[in-house]
Amino acid sequence: MRYLRKQVLNRRAPYDQRLSVDINNAVVMTTTNNLTLPSGTTAQRPVMPLNGMVRYNTTINELEVYQASTWRSLRFKESTEITQQNLGAGDSNNVYFGPLVPAPPLPENVQSGKSWGGQNLLVIVESVIQLASTNYTVVQNPNIPGEVYTGATSISSGGNIISFNTHVVASAASGNGTRATITFNTLPNVPFAVGSLIIVSGFRPTTYNGTYTVKECTTSTVKYDNVTTDNATVTGDVASSVAIYPSVDIVGAIVTGTNIQLGTTISSYTYDSGANGTNALRTITISSSASGTLATNAPITITDASNTINSGDYFLKFSSPVPYGKTVTVLHGFDK
């Protein structure tokens with residue numbers, strides 16, 4: 001009688017069958033310990049890879065397999081955090097919003113045979129969900145056309161810092177039957193000039209909402225005539241009717257206006273940033289001090305040249321300009 005035995009790979013222990021090849025050419029492992037895969041950086045990948053190769057990539061700290069003639073990371077079952085990104089508000093002119101952070105996945109992290117086109121993002125303008133390919137596409141390194149922004153000063157000033165009527169998110173609101181008071185986080189400068197128009201939205205009761213003339217303003221409150229007597233149960237936004245929402249970095253943009261010297265440009269600027277920010281412009285620092293006092297509500301024009309994004313960033317490109325003051329929010333991570 002002839003006996004068939006497994007071919008073992010341990011030459012010093014012929015009966016060690018923890019790793020063996022059976023009669024069907026299947027590799028069998030009976031160890032209860034582990035299998036250590038080859039590992040190395042992305043640059044150390046095999047020069048001539050074959051479909052089915054598996055390794056641990058120490059550059060990206062992920063397992064990867066060579067599948068359909070490309071290296072692809074293996075996906076895991078645990079969920080990941082959804083990232084909420086505020087891309088600012090529309091100005092009825094700009095169609096580009098970005099850059100997207102985090103950036104879209106690398107090709108090796110996209111399903112085999114598929115391409116990533118933004119379908120795995122949830123894009124919301126104000127409270128309306130946008131559809132990929134219908135309302136927006138995702139583009140890389142766009143050439144963003146130059147824009148001209150005209151805002152107004154929120155306080156009388158001189159020197160080289162100009163403060164603008166802006167856009168804030170409220171934290172509380174109350175009324176005494178003749179005047180409403182909106183409260184927001186304290187700012188370094190007054191956000192609205194007395195006599196300027198503000199657009200109040202998103203509040204409950206809805207009697208707070210509408211377009212009003214500012215009667216009083218501090219660094220943490222704004223007041224306007226209103227008949228409401230109830231405290232707000234839901235707070236919303238207060239936006240100047242001339243708030244500026246820069247679509248790109250405006251350092252170097254040309255600034256013009258009364259008492260502003262010819263050739264003046266923006267050296268730096270501040271805006272309402274953060275996860276719940278509105279991205280409205282707050283202040284600019286100009287290259288040459290104003291030659292005189294800038295009156296409250298004085299119009300200031302900012303002319304920004306076209307911008308080509310060369311850093312590999314990805315932007316949303318809407319099929320039509322986002323309406324003025326409507327905030328664009330993106331949720332990332334549904335494909336993780």
# chains A, B, ... in the order shown; residues from 1 in each chain; ligands from 1

call {"tool": "residues_around", "arguments": {"residues": "range 252-259 of chain A", "least_positions_apart": "2", "cutoff": "12 Å", "atoms": "only C-alpha atoms", "output": "number ranges by chain"}}
result
A: 146-153, 157-162, 246, 248-250, 261-269, 284-307

call {"tool": "write_last_selection", "arguments": {"atoms": "C-alpha atoms", "output": "compact mmCIF listing (two decimals), in the first residue's frame"}}
result
# COMPACT_ATOMS: atom_id res chain seq x y z
CA GLY A 146 -11.17 87.13 -10.86
CA GLU A 147 -13.94 88.81 -8.93
CA VAL A 148 -14.83 92.33 -7.87
CA TYR A 149 -16.25 92.67 -4.35
CA THR A 150 -17.83 95.85 -3.04
CA GLY A 151 -18.45 96.01 0.70
CA ALA A 152 -18.88 98.79 3.24
CA THR A 153 -17.03 99.75 6.40
CA SER A 157 -11.49 104.28 10.74
CA GLY A 158 -8.16 105.28 9.26
CA GLY A 159 -4.74 103.69 9.19
CA ASN A 160 -4.23 100.42 7.39
CA ILE A 161 -6.96 98.18 8.88
CA ILE A 162 -10.47 98.33 7.42
CA PRO A 246 -14.14 85.80 -0.98
CA VAL A 248 -10.13 82.42 -2.89
CA ASP A 249 -7.16 83.96 -1.10
CA ILE A 250 -7.44 87.73 -1.67
CA GLN A 261 -4.15 105.57 -2.14
CA LEU A 262 -3.74 104.40 -5.73
CA GLY A 263 -2.11 100.97 -6.00
CA THR A 264 -3.10 99.87 -2.49
CA THR A 265 -3.33 96.10 -2.09
CA ILE A 266 -4.38 93.65 0.63
CA SER A 267 -1.54 92.45 2.86
CA SER A 268 -3.68 90.16 5.04
CA TYR A 269 -7.30 89.67 6.03
CA ILE A 284 -8.39 93.68 5.67
CA THR A 285 -4.92 95.06 6.29
CA ILE A 286 -3.85 97.27 3.39
CA SER A 287 -0.36 97.92 2.06
CA SER A 288 -0.61 101.73 2.40
CA SER A 289 -2.42 103.56 5.19
CA ALA A 290 -5.53 105.49 4.23
CA SER A 291 -4.81 109.14 3.45
CA GLY A 292 -7.78 110.21 5.58
CA THR A 293 -10.64 108.93 7.68
CA LEU A 294 -12.88 106.24 6.18
CA ALA A 295 -16.46 107.07 7.07
CA THR A 296 -18.89 104.48 8.42
CA ASN A 297 -20.63 102.61 5.59
CA ALA A 298 -18.07 103.90 3.09
CA PRO A 299 -17.98 101.67 -0.01
CA ILE A 300 -14.74 99.74 -0.51
CA THR A 301 -14.00 97.81 -3.71
CA ILE A 302 -11.68 94.80 -3.83
CA THR A 303 -10.53 93.63 -7.26
CA ASP A 304 -9.00 90.17 -7.27
CA ALA A 305 -7.17 88.74 -10.26
CA SER A 306 -7.91 85.27 -11.60
CA ASN A 307 -6.43 82.46 -9.53

call {"tool": "atom_distance", "arguments": {"atom1": "CA of Arg55 in chain A", "atom2": "CA of Thr30 in chain A"}}
result
21.2 Å

call {"tool": "residues_around", "arguments": {"residues": "range 327-334 of chain A", "least_positions_apart": "5", "cutoff": "8 Å", "atoms": "only C-alpha atoms", "output": "list of chain:residue names"}}
result
A:Thr80, A:Glu81, A:Ile82, A:Thr83, A:Gln84, A:Gln85, A:Asn86, A:Leu87, A:Gly88, A:Ala89, A:Gly90, A:Phe97, A:Pro102, A:Asn120, A:Leu121, A:Leu122, A:Val123, A:Ile124, A:Val125, A:Glu126, A:Thr278

call {"tool": "write_last_selection", "arguments": {"atoms": "C-alpha atoms", "output": "PDB file, in the first residue's frame"}}
result
ATOM      1  CA  THR A  80     -14.948  56.258  10.312  1.00  0.00           C
ATOM      2  CA  GLU A  81     -15.848  59.756  11.380  1.00  0.00           C
ATOM      3  CA  ILE A  82     -17.906  61.876   9.003  1.00  0.00           C
ATOM      4  CA  THR A  83     -16.166  65.211   8.359  1.00  0.00           C
ATOM      5  CA  GLN A  84     -18.303  68.349   8.099  1.00  0.00           C
ATOM      6  CA  GLN A  85     -16.641  71.112   6.098  1.00  0.00           C
ATOM      7  CA  ASN A  86     -17.961  74.642   5.714  1.00  0.00           C
ATOM      8  CA  LEU A  87     -16.915  76.077   2.339  1.00  0.00           C
ATOM      9  CA  GLY A  88     -18.380  79.538   2.881  1.00  0.00           C
ATOM     10  CA  ALA A  89     -21.307  81.382   1.365  1.00  0.00           C
ATOM     11  CA  GLY A  90     -22.270  82.278  -2.185  1.00  0.00           C
ATOM     12  CA  PHE A  97     -15.864  76.284  -3.550  1.00  0.00           C
ATOM     13  CA  PRO A 102      -9.958  65.749   3.181  1.00  0.00           C
ATOM     14  CA  ASN A 120     -19.787  60.015  -2.203  1.00  0.00           C
ATOM     15  CA  LEU A 121     -20.065  63.566  -0.882  1.00  0.00           C
ATOM     16  CA  LEU A 122     -23.164  65.068   0.666  1.00  0.00           C
ATOM     17  CA  VAL A 123     -23.278  68.675  -0.524  1.00  0.00           C
ATOM     18  CA  ILE A 124     -25.793  71.062   1.005  1.00  0.00           C
ATOM     19  CA  VAL A 125     -26.452  74.686   0.037  1.00  0.00           C
ATOM     20  CA  GLU A 126     -28.220  76.317   2.990  1.00  0.00           C
ATOM     21  CA  THR A 278     -19.865  81.952   7.403  1.00  0.00           C
TER      22      THR A 278
END

call {"tool": "select_by_dssp", "arguments": {"residues": "range 17-146 of chain A", "states": "strand (DSSP E or B)", "output": "ChimeraX atom specification"}}
result
/A:19-21,27-29,39-40,54-57,62-67,70-73,83-90,96-97,122-125,128-130,132,136-140,143-144

call {"tool": "closest_atom_pairs", "arguments": {"of": "range 224-295 of chain A", "to": "range 186-191 of chain A", "cutoff": "9 Å", "atoms": "only C-alpha atoms", "output": "Markdown table"}}
result
| residue | atom | partner | partner_atom | distance |
| --- | --- | --- | --- | --- |
| A:Ser240 | CA | A:Pro191 | CA | 8.7 |
| A:Arg282 | CA | A:Pro191 | CA | 7.3 |
| A:Thr283 | CA | A:Asn189 | CA | 8.7 |

call {"tool": "write_last_selection", "arguments": {"atoms": "N, CA and C atoms", "output": "mmCIF file, in the first residue's frame"}}
result
data_model
loop_
_atom_site.group_PDB
_atom_site.id
_atom_site.type_symbol
_atom_site.label_atom_id
_atom_site.label_comp_id
_atom_site.auth_asym_id
_atom_site.auth_seq_id
_atom_site.Cartn_x
_atom_site.Cartn_y
_atom_site.Cartn_z
ATOM 1 N N SER A 240 -24.954 91.122 6.738
ATOM 2 C CA SER A 240 -25.052 92.416 6.084
ATOM 3 C C SER A 240 -25.496 92.210 4.644
ATOM 4 N N ARG A 282 -14.168 90.000 7.412
ATOM 5 C CA ARG A 282 -14.294 90.880 8.575
ATOM 6 C C ARG A 282 -13.398 92.098 8.459
ATOM 7 N N THR A 283 -12.102 91.879 8.232
ATOM 8 C CA THR A 283 -11.166 92.991 8.129
ATOM 9 C C THR A 283 -10.142 92.710 7.052
#

call {"tool": "residues_around", "arguments": {"residues": "Met48 in chain A", "least_positions_apart": "2", "cutoff": "12 Å", "atoms": "only C-alpha atoms", "output": "ChimeraX atom specification"}}
result
/A:44-46,50-51,53,66,69-71

call {"tool": "residues_around", "arguments": {"residues": "Thr41 in chain A", "least_positions_apart": "4", "cutoff": "12 Å", "atoms": "only C-alpha atoms", "output": "list in words"}}
result
Arg45, Pro46, Arg55, Tyr56, Asn57, Thr58, Thr59, Ile60, Asn61, Glu62, Leu63 and Glu64 of chain A
